[in-house]
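Scroll down for the structure; my scribbles are underneath it.
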Amino acid sequence: MRQLSVKVFSVAATVVAAVLVSAGLSACSIAGGSDGPLVVVTTNILGDVVENIVGEEADVMVLMPRGADPHSFEISAAEAHRVEQADVIIANGLGLEGGLGKIVDTARGDGVPVLDVGSEVDPITYSAGQSSGSLDPHFWTDPYRMIAAIPLIEEAVVAHVPGVDSSQIADNAQRYRGELDELAAQMSQQFDEIPPSQRKLVTNHHVFGYLAERFEFEVIGAVVPSGTTLASPSASDLAELAGAISAAGVPTIFIDSSQPDRLAQVLAAEASTPVQVRSLFTESLGDEGDGGDTYIDMMRSNTQSISDGLTAN
């Protein structure tokens with residue numbers, strides 16, 4: 001069977017063109033499409049997972065670049081047209097993609113198969129804040145739920161992408177499952193070393209509900225008391241959280257590496273106990289070489305940062 005090289009498409013057509021030219025490759029633009037089978041993935045976190053499963057069996061077009069905020073990210077009309085040409089779309093779902101979700105829904109309505117991964121991995125609801133009661137889309141913070149997503153992605157690709165070698169996809173999925181099993185075990189071991197009384201999280205917004213549930217952390221609060229970065233805290237919200245941080249003795253506020261830390265720094269200064277601010281990779285992969293450029297690296301980096309931040313003297 002003919003094997004196709006995986007070409008990961010950036011959402012910026014000019015960047016893609018530059019990369020292809022510099023690599024000496026000939027390929028169609030995002031707007032024009034390519035001759036091979038196409039899997040479209042909404043987020044770069046899921047994109048990394050899908051690339052590991054698909055391997056060289058099809059083109060993978062990842063819509064969100066590294067550092068993008070999934071709640072507010074949008075694509076061009078040309079890119080939306082390319083999405084409609086997909087053989088299958090792998091989406092996070094549960095409202096994470098914001099405006100991009102409308103593009104996915106349009107493609108779905110036009111007959112493009114869509115896998116909303118978040119809906120299929122036992123989603124939980126937010127327990128506090130402005131999003132309380134609604135479904136939480138941040139399932140990837142629990143590695144066991146990402147493990148559960150692997151067969152779903154494998155099945156969707158084999159069922160809808162023409163010409164792929166199902167045995168190769170299965171081998172890729174099995175190999176990657178082993179890597180995530182190892183990741184989950186490492187995270188469990190490292191978090192077990194944190195005394196239960198110190199497993200208290202304060203984050204930029206409500207993003208670690210799944211991690212907290214899996215590894216028995218208590219979520220004290222969030223700088224933005226919502227499941228989306230598009231919300232804003234009130235003065236009373238910040239004052240209440242500063243008091244909760246002081247009362248719980250939380251030593252660290254964790255923020256998204258792609259978001260400004262101004263409010264977190266103000267909050268840390270207002271707490272009556274010493275509080276530091278640390279960055280995590282929460283809703284996007286980092287740039288290559290910064291420790292969070294794959295899903296596995298991102299999770300390992302976050303585990304280390306959380307462990308260090310909560311056990312700091």
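Simple scheme: letters A, B, ... for chains in structure tokens order, numbers from 1 for residues in each chain, numbers from 1 for ligands in the order shown.
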For stretch 127-129 of chain A: contacts at 9 Å, only C-alpha atoms, fewer than 4 positions along chain excluded, given as a count of residues only: 10
Who sits within 8 Å of A:Arg278, only C-alpha atoms, same chain under 5 positions skipped, as a VMD selection string: chain A and resid 252 to 255 305 309
Serialized selection, C-alpha atoms, as a CSV table (one decimal), in the first residue's frame:
```csv
chain,number,residue,atom,x,y,z
A,252,THR,CA,1.8,28.7,44.5
A,253,ILE,CA,-0.6,30.0,41.9
A,254,PHE,CA,-0.4,28.2,38.6
A,255,ILE,CA,-1.0,30.0,35.3
A,305,SER,CA,6.1,22.1,38.2
A,309,GLY,CA,5.3,24.4,43.5
```
Expected answer as a ChimeraX atom specification: strand (DSSP E or B) residues in stretch 81-139 of chain A: /A:88-91,114-116,125,135
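The residue that comes closest to A:Leu241, out of A:Val83, A:Val219, A:Val41, A:Ala159 and on the basis of only C-alpha atoms, is A:Val219.
Minimum atom-to-atom distance to A:Asp308, evaluated using only C-alpha atoms, belongs to A:Pro251 out of A:Gly291, A:Pro65, A:Gly286, A:Pro251.
Here atom CA of A:Ser166 and atom CA of A:Val54 stand 9.7 Å from one another.
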Filtered DSSP result for stretch 120-222 of chain A, state helix (DSSP H, G or I), as a ChimeraX atom specification: /A:120,139-141,143-160,166-192,196-198,209-215
Contacts of A:Gly95 within 12 Å, only C-alpha atoms, excl. fewer than 4 positions in-chain, as an NGL selection string: :A and (42 or 70-72 or 91 or 99-102 or 104-105 or 116-119 or 131 or 134-138 or 227-228)
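Using only C-alpha atoms, the nearest neighbour of A:Gln259 within the list A:Leu96, A:Ala68, A:Ala77, A:Leu211 is A:Ala68.
The interatomic distance for the pair atom CA of A:Ile147 and atom CA of A:Thr311 works out to 28.3 Å.
Take atom CA of A:Arg108 and atom CA of A:Ser132: the distance between them is 28.2 Å.
Comparing the minimum interatomic distances between A:Ala184 and each of A:Thr106, A:Ser232, A:Ser284, A:Thr141, counting only C-alpha atoms, we find that A:Thr141 sits nearest.
Each of A:Asp256, A:Glu79, A:Glu182, A:Glu193 was checked against A:Leu280 using only C-alpha atoms; the smallest atom-to-atom distance is that of A:Asp256.
For the residues A:Pro195, A:Gly55, A:Gly163, A:Gly98, ranking by smallest atom-to-atom distance to A:Glu74 using only C-alpha atoms places A:Gly98 first.
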Close residues, A:Tyr210 itself excluded, 9 Å, only C-alpha atoms, min 5 positions apart in chain, as a PyMOL selection string: chain A and resi 123-124+136+138-142+145+215
